[in-house]
Structures are given as C-alpha cells and as structure tokens.
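Student: To be precise about what I am sending: the file is called final-v4.pdb and holds PDB, C-alpha atoms.
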```pdb
ATOM      1  CA  MET A   1     -19.672  -0.656 -11.054
ATOM      2  CA  ILE A   2     -16.725  -0.012  -8.708
ATOM      3  CA  LEU A   3     -14.513   3.069  -9.032
ATOM      4  CA  VAL A   4     -10.792   2.588  -8.295
ATOM      5  CA  THR A   5      -8.752   5.786  -7.960
ATOM      6  CA  GLY A   6      -5.022   5.506  -8.579
ATOM      7  CA  GLY A   7      -5.937   2.539 -10.731
ATOM      8  CA  THR A   8      -2.889   2.681 -13.007
ATOM      9  CA  GLY A   9      -0.512   2.656 -10.035
ATOM     10  CA  PHE A  10       1.109  -0.195  -8.149
ATOM     11  CA  ILE A  11      -1.477  -1.338  -5.614
ATOM     12  CA  GLY A  12      -4.385   0.151  -7.546
ATOM     13  CA  SER A  13      -3.707  -1.750 -10.775
ATOM     14  CA  ASN A  14      -3.446  -5.042  -8.896
ATOM     15  CA  ILE A  15      -6.792  -4.328  -7.234
ATOM     16  CA  VAL A  16      -8.338  -3.507 -10.622
ATOM     17  CA  ALA A  17      -7.095  -6.796 -12.072
ATOM     18  CA  ALA A  18      -8.392  -8.797  -9.097
ATOM     19  CA  LEU A  19     -11.833  -7.195  -9.252
ATOM     20  CA  ILE A  20     -12.166  -7.692 -13.011
ATOM     21  CA  ALA A  21     -11.020 -11.307 -12.667
ATOM     22  CA  ARG A  22     -13.990 -12.010 -10.417
ATOM     23  CA  GLY A  23     -16.444 -10.308 -12.764
ATOM     24  CA  ASP A  24     -16.811  -6.758 -11.425
ATOM     25  CA  ARG A  25     -17.255  -3.772 -13.739
ATOM     26  CA  ILE A  26     -14.490  -1.265 -12.996
ATOM     27  CA  ALA A  27     -14.011   2.441 -13.650
ATOM     28  CA  VAL A  28     -10.460   3.735 -13.173
ATOM     29  CA  CYS A  29      -9.482   7.262 -12.168
ATOM     30  CA  ASP A  30      -5.877   8.431 -12.561
ATOM     31  CA  ARG A  31      -3.533  10.830 -14.377
ATOM     32  CA  HIS A  32      -1.501   8.336 -16.380
ATOM     33  CA  PHE A  33      -3.644   6.808 -19.116
ATOM     34  CA  ASN A  34      -1.162   7.810 -21.834
ATOM     35  CA  GLY A  35       2.070   6.926 -19.996
ATOM     36  CA  THR A  36       3.946   3.738 -19.188
ATOM     37  CA  ARG A  37       1.678   3.085 -16.204
ATOM     38  CA  ALA A  38      -1.225   2.527 -18.600
ATOM     39  CA  ARG A  39       0.460  -0.778 -19.492
ATOM     40  CA  HIS A  40      -0.527  -2.042 -16.052
ATOM     41  CA  LEU A  41      -4.112  -2.186 -17.316
ATOM     42  CA  ALA A  42      -3.314  -3.675 -20.740
ATOM     43  CA  GLY A  43      -5.875  -6.251 -21.794
ATOM     44  CA  LEU A  44      -8.330  -5.365 -19.019
ATOM     45  CA  ASP A  45     -11.898  -4.525 -20.005
ATOM     46  CA  LEU A  46     -12.633  -1.267 -18.170
ATOM     47  CA  ALA A  47     -16.124   0.171 -17.876
ATOM     48  CA  ALA A  48     -14.785   3.749 -17.840
ATOM     49  CA  THR A  49     -11.648   5.848 -17.373
ATOM     50  CA  VAL A  50     -11.658   9.195 -15.587
ATOM     51  CA  GLU A  51      -8.972  11.878 -15.485
ATOM     52  CA  ALA A  52      -8.159  12.790 -11.885
ATOM     53  CA  ASP A  53      -8.947  16.490 -12.325
ATOM     54  CA  ASP A  54     -12.420  15.574 -13.601
ATOM     55  CA  LEU A  55     -13.277  13.106 -10.847
ATOM     56  CA  MET A  56     -15.777  15.061  -8.756
ATOM     57  CA  ALA A  57     -17.552  16.370 -11.862
ATOM     58  CA  TRP A  58     -17.698  12.803 -13.233
ATOM     59  CA  LEU A  59     -19.196  11.578  -9.977
ATOM     60  CA  GLY A  60     -21.833  14.301  -9.900
ATOM     61  CA  ASP A  61     -25.108  12.711  -8.795
ATOM     62  CA  ARG A  62     -24.609   9.406 -10.574
ATOM     63  CA  ASN A  63     -26.320   6.414  -9.014
ATOM     64  CA  ASP A  64     -24.558   3.494 -10.695
ATOM     65  CA  LEU A  65     -21.578   3.043  -8.342
ATOM     66  CA  ASP A  66     -21.496   0.111  -5.936
ATOM     67  CA  ALA A  67     -18.274   1.192  -4.175
ATOM     68  CA  VAL A  68     -15.256   3.503  -4.313
ATOM     69  CA  VAL A  69     -11.769   2.064  -3.724
ATOM     70  CA  HIS A  70      -9.577   5.118  -3.154
ATOM     71  CA  MET A  71      -5.901   4.267  -3.748
ATOM     72  CA  GLY A  72      -4.919   7.524  -5.458
ATOM     73  CA  ALA A  73      -2.370   9.570  -3.507
ATOM     74  CA  ILE A  74       0.941  11.380  -3.532
ATOM     75  CA  SER A  75       2.737   8.377  -2.067
ATOM     76  CA  ALA A  76       6.416   9.324  -2.278
ATOM     77  CA  THR A  77       7.818   9.632   1.230
ATOM     78  CA  THR A  78      10.350  12.112  -0.167
ATOM     79  CA  GLU A  79       7.714  14.558  -1.499
ATOM     80  CA  THR A  80       8.029  17.931   0.266
ATOM     81  CA  ASP A  81       5.291  19.951  -1.481
ATOM     82  CA  THR A  82       2.876  19.948   1.439
ATOM     83  CA  ASP A  83       0.217  21.911  -0.447
ATOM     84  CA  LEU A  84       0.141  19.242  -3.164
ATOM     85  CA  ILE A  85       0.089  16.475  -0.557
ATOM     86  CA  MET A  86      -2.795  18.102   1.330
ATOM     87  CA  ARG A  87      -4.868  18.681  -1.821
ATOM     88  CA  THR A  88      -4.387  15.131  -3.044
ATOM     89  CA  ASN A  89      -4.189  13.043   0.107
ATOM     90  CA  VAL A  90      -6.529  14.901   2.450
ATOM     91  CA  TRP A  91      -8.954  17.295   0.727
ATOM     92  CA  LEU A  92      -9.761  14.959  -2.180
ATOM     93  CA  SER A  93     -10.197  12.088   0.268
ATOM     94  CA  LEU A  94     -12.624  14.214   2.295
ATOM     95  CA  ASP A  95     -14.537  15.083  -0.875
ATOM     96  CA  LEU A  96     -14.881  11.376  -1.650
ATOM     97  CA  TRP A  97     -15.921  10.610   1.933
ATOM     98  CA  ASP A  98     -18.660  13.245   1.744
ATOM     99  CA  TRP A  99     -19.813  12.072  -1.704
ATOM    100  CA  CYS A 100     -19.991   8.449  -0.577
ATOM    101  CA  ALA A 101     -21.895   9.438   2.579
ATOM    102  CA  ARG A 102     -24.434  11.461   0.569
ATOM    103  CA  HIS A 103     -24.905   8.766  -2.074
ATOM    104  CA  ASP A 104     -24.845   5.714   0.230
ATOM    105  CA  VAL A 105     -21.758   4.213  -1.436
ATOM    106  CA  PRO A 106     -19.085   2.149   0.428
ATOM    107  CA  LEU A 107     -15.567   3.631   0.590
ATOM    108  CA  ILE A 108     -12.340   1.644   0.969
ATOM    109  CA  TYR A 109      -9.277   3.906   1.181
ATOM    110  CA  ALA A 110      -5.510   3.624   1.455
ATOM    111  CA  SER A 111      -3.889   4.697   4.681
ATOM    112  CA  SER A 112      -0.275   3.752   5.418
ATOM    113  CA  ALA A 113       2.030   2.267   8.032
ATOM    114  CA  GLN A 114       3.852   5.595   7.703
ATOM    115  CA  VAL A 115       1.386   6.886  10.319
ATOM    116  CA  TYR A 116       3.449   5.005  12.937
ATOM    117  CA  GLY A 117       6.493   7.207  12.371
ATOM    118  CA  ASP A 118       9.662   5.670  13.765
ATOM    119  CA  GLY A 119       7.695   2.791  15.281
ATOM    120  CA  GLY A 120       8.562   3.779  18.815
ATOM    121  CA  LEU A 121       4.909   3.489  19.880
ATOM    122  CA  GLY A 122       4.391   0.158  18.161
ATOM    123  CA  PHE A 123       2.119  -0.747  15.256
ATOM    124  CA  ASP A 124      -1.310  -1.079  16.838
ATOM    125  CA  ASP A 125      -4.210  -0.090  14.552
ATOM    126  CA  ASP A 126      -6.271   1.132  17.511
ATOM    127  CA  PRO A 127      -9.048   3.227  15.920
ATOM    128  CA  ALA A 128      -9.676   5.401  18.980
ATOM    129  CA  GLN A 129      -9.006   9.112  18.591
ATOM    130  CA  VAL A 130      -6.916   9.143  21.769
ATOM    131  CA  ALA A 131      -4.661   6.384  20.384
ATOM    132  CA  MET A 132      -4.164   8.185  17.079
ATOM    133  CA  ALA A 133      -3.444  11.438  18.897
ATOM    134  CA  ASP A 134      -0.239   9.901  20.260
ATOM    135  CA  LEU A 135       1.108   8.888  16.833
ATOM    136  CA  ARG A 136       3.793  11.035  15.210
ATOM    137  CA  ALA A 137       4.461  10.573  11.497
ATOM    138  CA  ILE A 138       7.939  11.610  10.325
ATOM    139  CA  THR A 139       7.228  12.291   6.624
ATOM    140  CA  PRO A 140       4.715  14.683   5.022
ATOM    141  CA  TYR A 141       3.134  11.689   3.284
ATOM    142  CA  GLY A 142       2.713   9.833   6.574
ATOM    143  CA  ALA A 143       1.367  12.963   8.260
ATOM    144  CA  SER A 144      -1.281  13.371   5.547
ATOM    145  CA  LYS A 145      -2.453   9.769   5.965
ATOM    146  CA  LEU A 146      -2.560  10.141   9.741
ATOM    147  CA  LEU A 147      -4.524  13.380   9.440
ATOM    148  CA  PHE A 148      -7.179  11.754   7.276
ATOM    149  CA  ASP A 149      -7.456   8.769   9.650
ATOM    150  CA  ARG A 150      -7.960  11.219  12.511
ATOM    151  CA  LEU A 151     -10.602  13.158  10.575
ATOM    152  CA  VAL A 152     -12.470   9.926   9.821
ATOM    153  CA  ALA A 153     -12.366   8.951  13.508
ATOM    154  CA  ARG A 154     -13.655  12.393  14.457
ATOM    155  CA  GLU A 155     -16.571  12.116  12.022
ATOM    156  CA  ARG A 156     -17.356   8.620  13.298
ATOM    157  CA  ASP A 157     -17.340   9.632  16.953
ATOM    158  CA  ALA A 158     -19.468  12.723  16.268
ATOM    159  CA  GLY A 159     -22.113  10.575  14.606
ATOM    160  CA  ARG A 160     -22.004  12.587  11.402
ATOM    161  CA  PRO A 161     -23.060  11.088   8.041
ATOM    162  CA  ALA A 162     -20.662   8.408   6.829
ATOM    163  CA  PRO A 163     -20.501   5.959   3.945
ATOM    164  CA  PRO A 164     -22.556   2.805   4.636
ATOM    165  CA  GLN A 165     -19.258   0.926   4.762
ATOM    166  CA  TRP A 166     -15.822   2.467   5.195
ATOM    167  CA  ALA A 167     -12.400   0.972   5.792
ATOM    168  CA  GLY A 168      -8.909   2.454   5.846
ATOM    169  CA  LEU A 169      -5.987   0.119   5.118
ATOM    170  CA  ARG A 170      -2.577   0.848   6.612
ATOM    171  CA  PHE A 171      -0.285  -0.805   4.073
ATOM    172  CA  PHE A 172       3.127  -1.987   5.291
ATOM    173  CA  ASN A 173       6.053  -2.947   2.963
ATOM    174  CA  VAL A 174       4.128  -3.970  -0.150
ATOM    175  CA  TYR A 175       5.966  -5.645  -3.038
ATOM    176  CA  GLY A 176       4.943  -7.229  -6.313
ATOM    177  CA  PRO A 177       4.137  -6.601  -9.983
ATOM    178  CA  HIS A 178       3.674  -3.091 -11.401
ATOM    179  CA  GLU A 179       5.964  -1.167  -9.062
ATOM    180  CA  GLY A 180       8.706  -0.432 -11.611
ATOM    181  CA  HIS A 181       7.531   3.159 -12.170
ATOM    182  CA  LYS A 182       8.010   4.054  -8.491
ATOM    183  CA  GLY A 183      11.739   4.830  -8.776
ATOM    184  CA  ASP A 184      13.344   5.006  -5.339
ATOM    185  CA  MET A 185      10.004   4.041  -3.769
ATOM    186  CA  ARG A 186      10.229   0.567  -5.325
ATOM    187  CA  SER A 187      10.723  -2.441  -3.082
ATOM    188  CA  VAL A 188      14.270  -3.684  -2.577
ATOM    189  CA  ILE A 189      13.253  -6.731  -4.599
ATOM    190  CA  ALA A 190      12.499  -4.621  -7.661
ATOM    191  CA  LYS A 191      15.585  -2.446  -7.156
ATOM    192  CA  THR A 192      18.099  -5.246  -6.743
ATOM    193  CA  PHE A 193      16.741  -7.888  -9.114
ATOM    194  CA  PRO A 194      18.664  -6.533 -12.158
ATOM    195  CA  GLU A 195      21.898  -6.597 -10.137
ATOM    196  CA  LEU A 196      21.346 -10.164  -9.026
ATOM    197  CA  GLN A 197      20.310 -11.179 -12.530
ATOM    198  CA  ALA A 198      23.635  -9.814 -13.775
ATOM    199  CA  GLY A 199      25.481 -12.080 -11.312
ATOM    200  CA  ARG A 200      26.281  -9.407  -8.733
ATOM    201  CA  PRO A 201      25.872  -9.847  -4.959
ATOM    202  CA  MET A 202      23.015  -8.531  -2.874
ATOM    203  CA  ARG A 203      24.139  -5.346  -1.088
ATOM    204  CA  LEU A 204      22.581  -4.506   2.262
ATOM    205  CA  PHE A 205      23.142  -1.869   4.923
ATOM    206  CA  ARG A 206      25.397  -2.680   7.828
ATOM    207  CA  SER A 207      23.731  -2.329  11.189
ATOM    208  CA  ASP A 208      24.839   0.472  13.475
ATOM    209  CA  ARG A 209      22.939  -0.940  16.468
ATOM    210  CA  PRO A 210      24.356  -3.691  18.683
ATOM    211  CA  ASP A 211      20.961  -5.415  19.031
ATOM    212  CA  TYR A 212      20.721  -6.068  15.279
ATOM    213  CA  GLY A 213      23.298  -7.860  13.170
ATOM    214  CA  ASP A 214      24.180  -6.771   9.652
ATOM    215  CA  GLY A 215      21.144  -7.509   7.495
ATOM    216  CA  GLY A 216      19.179  -8.356  10.634
ATOM    217  CA  GLN A 217      17.002  -5.269  10.396
ATOM    218  CA  MET A 218      13.382  -6.376  10.046
ATOM    219  CA  ARG A 219      10.360  -5.397   7.963
ATOM    220  CA  ASP A 220       6.812  -6.617   7.496
ATOM    221  CA  PHE A 221       6.795  -7.511   3.788
ATOM    222  CA  VAL A 222       3.358  -8.097   2.250
ATOM    223  CA  PHE A 223       2.636  -9.403  -1.263
ATOM    224  CA  VAL A 224       0.473  -7.031  -3.300
ATOM    225  CA  LYS A 225      -1.873  -9.842  -4.322
ATOM    226  CA  ASP A 226      -2.726 -10.321  -0.645
ATOM    227  CA  CYS A 227      -3.597  -6.616  -0.449
ATOM    228  CA  ALA A 228      -5.950  -7.000  -3.403
ATOM    229  CA  ASP A 229      -7.538 -10.042  -1.759
ATOM    230  CA  VAL A 230      -8.274  -8.044   1.405
ATOM    231  CA  VAL A 231      -9.966  -5.304  -0.633
ATOM    232  CA  CYS A 232     -12.127  -7.904  -2.416
ATOM    233  CA  TRP A 233     -13.053  -9.428   0.942
ATOM    234  CA  LEU A 234     -14.041  -6.065   2.392
ATOM    235  CA  LEU A 235     -16.300  -5.366  -0.571
ATOM    236  CA  ASP A 236     -17.953  -8.747   0.015
ATOM    237  CA  ASN A 237     -18.455  -7.991   3.727
ATOM    238  CA  PRO A 238     -20.240  -4.642   3.940
ATOM    239  CA  GLY A 239     -20.672  -4.891   7.692
ATOM    240  CA  VAL A 240     -16.923  -4.519   8.295
ATOM    241  CA  ASN A 241     -15.888  -0.940   9.087
ATOM    242  CA  GLY A 242     -12.744   0.570  10.579
ATOM    243  CA  ILE A 243      -9.048   1.210  10.186
ATOM    244  CA  TYR A 244      -6.936  -1.905   9.709
ATOM    245  CA  ASN A 245      -3.269  -2.749   9.359
ATOM    246  CA  LEU A 246      -2.417  -4.580   6.165
ATOM    247  CA  GLY A 247       0.855  -6.454   6.461
ATOM    248  CA  SER A 248       1.750 -10.114   6.749
ATOM    249  CA  GLY A 249       1.877  -9.866  10.525
ATOM    250  CA  GLN A 250       5.386 -11.340  10.581
ATOM    251  CA  ALA A 251       8.571  -9.275  10.535
ATOM    252  CA  ARG A 252      11.386 -10.779   8.449
ATOM    253  CA  THR A 253      15.030  -9.774   8.087
ATOM    254  CA  TRP A 254      16.720  -8.359   5.008
ATOM    255  CA  ILE A 255      18.889 -11.499   5.043
ATOM    256  CA  ASP A 256      15.682 -13.555   4.778
ATOM    257  CA  LEU A 257      14.661 -11.442   1.796
ATOM    258  CA  ALA A 258      18.051 -11.877   0.125
ATOM    259  CA  HIS A 259      17.952 -15.644   0.568
ATOM    260  CA  ALA A 260      14.408 -15.772  -0.818
ATOM    261  CA  MET A 261      15.512 -13.870  -3.912
ATOM    262  CA  PHE A 262      18.546 -16.078  -4.547
ATOM    263  CA  ALA A 263      16.435 -19.207  -4.039
ATOM    264  CA  ALA A 264      13.867 -17.986  -6.555
ATOM    265  CA  MET A 265      16.701 -17.412  -9.047
ATOM    266  CA  ASP A 266      18.288 -20.790  -8.259
ATOM    267  CA  ARG A 267      21.539 -19.189  -7.109
ATOM    268  CA  ASP A 268      23.672 -19.562  -4.013
ATOM    269  CA  PRO A 269      23.288 -16.455  -1.838
ATOM    270  CA  VAL A 270      26.078 -13.877  -1.969
ATOM    271  CA  VAL A 271      25.546 -10.836   0.260
ATOM    272  CA  GLU A 272      27.767  -7.806   0.806
ATOM    273  CA  PHE A 273      27.278  -5.117   3.433
ATOM    274  CA  PHE A 274      28.007  -1.411   3.170
ATOM    275  CA  ASP A 275      27.796   1.467   5.620
ATOM    276  CA  MET A 276      24.458   3.150   6.026
ATOM    277  CA  PRO A 277      24.410   6.634   4.464
ATOM    278  CA  VAL A 278      24.943   9.424   6.973
ATOM    279  CA  HIS A 279      21.557  11.003   6.253
ATOM    280  CA  LEU A 280      19.790   7.789   7.340
ATOM    281  CA  LYS A 281      21.650   7.213  10.590
ATOM    282  CA  GLY A 282      19.343   7.870  13.515
ATOM    283  CA  ARG A 283      16.310   7.870  11.198
ATOM    284  CA  TYR A 284      16.406   4.327   9.831
ATOM    285  CA  GLN A 285      13.667   1.942  10.991
ATOM    286  CA  TYR A 286      15.068  -1.300  12.368
ATOM    287  CA  PHE A 287      11.737  -3.062  12.900
ATOM    288  CA  THR A 288       8.185  -2.977  11.535
ATOM    289  CA  GLU A 289       5.480  -5.567  12.113
ATOM    290  CA  ALA A 290       1.771  -5.117  11.582
ATOM    291  CA  ARG A 291      -0.534  -6.163  14.380
ATOM    292  CA  MET A 292      -3.204  -8.062  12.462
ATOM    293  CA  GLU A 293      -5.588  -9.033  15.264
ATOM    294  CA  ARG A 294      -8.284  -6.512  14.339
ATOM    295  CA  LEU A 295      -8.564  -7.616  10.716
ATOM    296  CA  ARG A 296      -8.610 -11.255  11.820
ATOM    297  CA  GLU A 297     -11.256 -10.531  14.455
ATOM    298  CA  ALA A 298     -13.329  -8.795  11.770
ATOM    299  CA  GLY A 299     -13.436 -12.136   9.958
ATOM    300  CA  TYR A 300     -10.569 -12.196   7.458
ATOM    301  CA  THR A 301      -9.141 -15.713   7.751
ATOM    302  CA  THR A 302      -7.162 -16.191   4.516
ATOM    303  CA  PRO A 303      -3.459 -16.904   5.222
ATOM    304  CA  PHE A 304      -0.981 -14.344   3.915
ATOM    305  CA  THR A 305       1.595 -15.418   1.344
ATOM    306  CA  SER A 306       4.959 -16.288   2.888
ATOM    307  CA  LEU A 307       7.916 -14.112   1.970
ATOM    308  CA  GLU A 308       9.589 -17.013   0.180
ATOM    309  CA  GLU A 309       6.509 -17.859  -1.901
ATOM    310  CA  GLY A 310       5.667 -14.234  -2.691
ATOM    311  CA  VAL A 311       9.214 -13.474  -3.827
ATOM    312  CA  ARG A 312       9.250 -16.656  -5.925
ATOM    313  CA  GLN A 313       5.984 -15.711  -7.645
ATOM    314  CA  TYR A 314       7.144 -12.133  -8.210
ATOM    315  CA  ILE A 315      10.507 -13.089  -9.694
ATOM    316  CA  THR A 316       9.599 -16.160 -11.737
ATOM    317  CA  GLY A 317       6.180 -14.961 -12.824
ATOM    318  CA  TYR A 318       6.989 -11.322 -13.509
ATOM    319  CA  LEU A 319      10.450  -9.820 -13.060
ATOM    320  CA  GLU A 320      12.199 -12.477 -15.146
ATOM    321  CA  HIS A 321       9.870 -11.678 -18.032
ATOM    322  CA  GLN A 322       9.598  -7.903 -18.031
ATOM    323  CA  THR A 323      11.250  -4.856 -16.496
ATOM    324  CA  GLY A 324      10.464  -1.181 -16.172
ATOM    325  CA  THR A 325       6.789  -1.574 -15.276
TER     326      THR A 325
END
```
Turn the structure described in the file into structure tokens.

Tutor:
Amino acid sequence: MILVTGGTGFIGSNIVAALIARGDRIAVCDRHFNGTRARHLAGLDLAATVEADDLMAWLGDRNDLDAVVHMGAISATTETDTDLIMRTNVWLSLDLWDWCARHDVPLIYASSAQVYGDGGLGFDDDPAQVAMADLRAITPYGASKLLFDRLVARERDAGRPAPPQWAGLRFFNVYGPHEGHKGDMRSVIAKTFPELQAGRPMRLFRSDRPDYGDGGQMRDFVFVKDCADVVCWLLDNPGVNGIYNLGSGQARTWIDLAHAMFAAMDRDPVVEFFDMPVHLKGRYQYFTEARMERLREAGYTTPFTSLEEGVRQYITGYLEHQTGT
C-alpha cells in the first residue's frame, strides 16, 4: 500500500489516479473528503482515507506501507500565516521523514520551483548544501520548501538515518485536471478558459522590460500527468535518491500558451494586452526553465508532453466537459 498525502488536491489526486490505474493500493490523507475536492477521487477504489490531523497516529508502527508520497502542503504563494506554513510544510514533513527512516519506507515529497526566488541565480537543482545556501525564496511558501530541502541535505551529509529511498520534486508551472479549487493559484489555462469559451480575447500582461515583447515573458509549463509519471517511475526505481527539478525543461512564452489554447478550441487567436498591476512591477518573473539534466542522468527517459499537446488534452478532454473542479 502507498500513502499519498494531499491526495484530494491538484497534483496529489492525479498521482493517486495514476497509481491506482497501474494496480497499486492507495491510502489518501487530506482534509477535504467531504468537500468539492473529494470529487477528484470519484470512482477510485481507495484502500483507506486518513484525516490530516490523525496522520501520525494512523501511521503508528504499522508495517504495511510500501511508500509515502507526500504532496500535502500549504501551497498558496499568498499565504502569510508563517506558523501554519511551518507546521504543515516543514514540521509535518520532518515527522514523515523520521517515520519513514525508522520504518524503512521510501519517501517522495513535493518541493517547489519557488525555492529559486526571482530566478536570478538560475534554476539548477544542485543538491549540495552550499548551492542551496545561496538560494533566496521570495514567498513564505517558497521559503518553507527551501528550508525542508536544506534540512534533508543536512541529514544526508551528516549520515543520519534516512528513508531507504527519498526524492524531492521541485515542481515548476504545473497545469491540468483538478486545479479548479485553487482559486488565484490556478494555471492561466484554467483561469482564462471560460473567457475564451465565451468568445472573449486572451488578455495578457504587457511587458515593462525592453528585452521581452508583450506576451514574450516565458515559463516552464509542465503537464500534471507528466508529474504523475515521474512519481510512478521513482517508485519503480528505488535506487534513485535526491532533489530533482520537475518541469518540461523548455521555457515557452505566454503567446505560445495563448495560441495553444485557441488551437485546441479551433478558434483564431485574439490576444489583448493590459498593463501589469503596480504591485507586480519589479517582482514579476520574466523567465523560468527547469534544468532537467539530473533527472535524465538518473535514468528518466520518457519525453515530456509538449505545451500544445498538453493544452489540447486538458481542454478537449477535461475543461470542455466540466468546470469548478
């Protein structure tokens, strides 16, 4: 049995579905079994469900877990309650690390590209403590993920007990089914699809930098199904340990994204630009791109879904058929 925390959420629910599809028995831990997020698991045969506050008691000294996939977190970049963020994103993660080390259970956990801050130092998933010491996250969420990565590296270098396999995944701009509940944290695809469906134009920020044209700002967009595939691969390759970027490895422009959306909807592209809000000027990221060499060198060879194909699958296979989840 594999435990997935945050299993009713966006990335977590896609991982649960992928694992069940290949025949794994799955226990899900979360706080939302009675809310709209529970619909993400509709029709899936779960081995167990666990309320988040009961997790460590549920784990106890049980010996029937084959792995823990820890996706549960306070993931909103706008969250300012640092005590809540620390309890959820750091102390609980440390509790799971210690439990997995004591019980000889692999641990796959969610880190984030937010650890790279404004991107000024690049996007190299160098696992050395000295490399991580130079990183500066700019949100409390990013800082919590960076802190846990640093604590893991410290434990590794000190030779202290560790899970038999451990891997942290620094997710970049993930998009795909089951993100509707995320509000402002949804992908631009999810946010703008209803507008485009109603016949309105795609609206993008103007650039306020001379080296980027309007809509030329770039992001590393990665399809959530690719993220689930990487988790499945890690569980099948217990000798792979470390901290890895998880993006497509190819930065694409917002114009590219707009064109992919219009193509998926069989419409001619119509894009309008508007001034960037004052509170974002000077803080807006103009470029992100995951360096993927380390994951590739570890043995992951599956190609990542292109932006055009991922957007097509998301829109035609999901967004056109249901909204709000």

Student: Expand the PyMOL selection byres ((chain A and resi 197) around 10) into the individual residues it matches in the shown file, reporting them as number ranges by chain.

Tutor: A: 192-196, 198-201, 262, 265, 267, 319-320

Student: What does the PyMOL selection byres ((chain A and resi 132) around 10) select in this file, as a PDB file with C-alpha atoms, in the coordinates of the input?

Tutor:
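Okay, result-v8.pdb is ready:
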```pdb
ATOM      1  CA  VAL A 115       1.386   6.886  10.319  1.00  0.00           C
ATOM      2  CA  TYR A 116       3.449   5.005  12.937  1.00  0.00           C
ATOM      3  CA  ASP A 124      -1.310  -1.079  16.838  1.00  0.00           C
ATOM      4  CA  ASP A 125      -4.210  -0.090  14.552  1.00  0.00           C
ATOM      5  CA  ASP A 126      -6.271   1.132  17.511  1.00  0.00           C
ATOM      6  CA  PRO A 127      -9.048   3.227  15.920  1.00  0.00           C
ATOM      7  CA  ALA A 128      -9.676   5.401  18.980  1.00  0.00           C
ATOM      8  CA  GLN A 129      -9.006   9.112  18.591  1.00  0.00           C
ATOM      9  CA  VAL A 130      -6.916   9.143  21.769  1.00  0.00           C
ATOM     10  CA  ALA A 131      -4.661   6.384  20.384  1.00  0.00           C
ATOM     11  CA  ALA A 133      -3.444  11.438  18.897  1.00  0.00           C
ATOM     12  CA  ASP A 134      -0.239   9.901  20.260  1.00  0.00           C
ATOM     13  CA  LEU A 135       1.108   8.888  16.833  1.00  0.00           C
ATOM     14  CA  ARG A 136       3.793  11.035  15.210  1.00  0.00           C
ATOM     15  CA  LEU A 146      -2.560  10.141   9.741  1.00  0.00           C
ATOM     16  CA  LEU A 147      -4.524  13.380   9.440  1.00  0.00           C
ATOM     17  CA  ASP A 149      -7.456   8.769   9.650  1.00  0.00           C
ATOM     18  CA  ARG A 150      -7.960  11.219  12.511  1.00  0.00           C
ATOM     19  CA  ALA A 153     -12.366   8.951  13.508  1.00  0.00           C
TER      20      ALA A 153
END
```

Student: Expand the PyMOL selection byres ((chain A and resi 59) around 12) into the individual residues it matches in the shown file, reporting them as a PyMOL selection string.

Tutor: chain A and resi 2-3+27+29+48+50-58+60-65+67-68+95-96+98-100+102-103+105

Student: Find, counting all atoms listed in the file, the residue in A:Trp166, A:Met185, A:Phe10, A:Val16 that gets nearest to Leu235 in chain A.

Tutor: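 So, comparing all the options, the nearest one is A:Trp166.
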
Student: Please determine the residues with any atom at most 7 Å from (-12.4, -7.5, 6.1) (coordinates as given in the file, with all atoms listed in the file counting) and report them as a VMD selection string.

Tutor: chain A and resid 230 233 to 234 237 240 295 298 to 300

Student: Hey, can you check how far CA of His279 in chain A sits from CA of Ile138 in chain A?

Tutor: 14.2 Å

Student: Work out how far apart CA of Thr36 in chain A and CA of Gly180 in chain A are and give it in Å to one decimal.

Tutor: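 Separation of CA of Thr36 in chain A and CA of Gly180 in chain A: 9.9 Å.
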
Student: Could you check which of A:Ile255, A:Asp66, A:Pro177, A:Thr49 is closest to Asp104 in chain A, using all atoms listed in the file?

Tutor: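 Among A:Ile255, A:Asp66, A:Pro177, A:Thr49, it is A:Asp66 that comes nearest to Asp104 in chain A.
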
Student: Would you tabulate, counting only C-alpha atoms, all residues of range 134-170 of chain A that have an atom at most 7 Å from an atom of range 89-93 of chain A, showing the closest pair of atoms and their distance in Å to one decimal, sorted by chain then ascending number, as CSV?

Tutor:
```
residue,atom,partner,partner_atom,distance
A:Ser144,CA,A:Asn89,CA,6.2
A:Lys145,CA,A:Asn89,CA,6.9
A:Phe148,CA,A:Val90,CA,5.8
```

Student: What is the distance, in Å and to one decimal place, between CA of Gly176 in chain A and CA of Asn14 in chain A?

Tutor: 9.0 Å

Student: Neighbouring residues of range 209-217 of chain A were defined as those with any atom within 8 Å, considering only C-alpha atoms; residues of the same chain fewer than 5 positions away were excluded. Please report them as a PyMOL selection string.

Tutor: chain A and resi 204+253-255+273+285-287

Student: Find, counting all atoms listed in the file, the residue in A:Leu169, A:Val222, A:Leu46, A:Ala113 that gets nearest to Gly242 in chain A.

Tutor: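 Nearest candidate to Gly242 in chain A out of A:Leu169, A:Val222, A:Leu46, A:Ala113: A:Leu169.
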
Student: Go ahead and fit an axis-aligned box to every listed atom of range 254-261 of chain A plus 5 Å each side, and pass me the centre and edge lengths in Å, one decimal, as JSON.

Tutor:
```
{"center_x": 16.6, "center_y": -12.1, "center_z": 0.6, "size_x": 14.5, "size_y": 17.4, "size_z": 19.0}
```

Student: Taking only C-alpha atoms into account, which of A:Ser248, A:Asn34, A:Ser187, A:Ser75 comes nearest Pro303 in chain A?

Tutor: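 When distances to Pro303 in chain A are compared using only C-alpha atoms, the smallest one comes from A:Ser248.
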
Student: When distances are computed from all atoms listed in the file, which of A:Gly117, A:Gly282, A:Gly23, A:Gly247 shows the smallest separation from Asp208 in chain A?

Tutor: A:Gly282

Student: Measuring between only C-alpha atoms, which one of A:Pro277, A:Gly249, A:Gly239, A:Gly142 shows the shortest distance to Ser306 in chain A?

Tutor: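 Among the listed residues, A:Gly249 lies closest to Ser306 in chain A.
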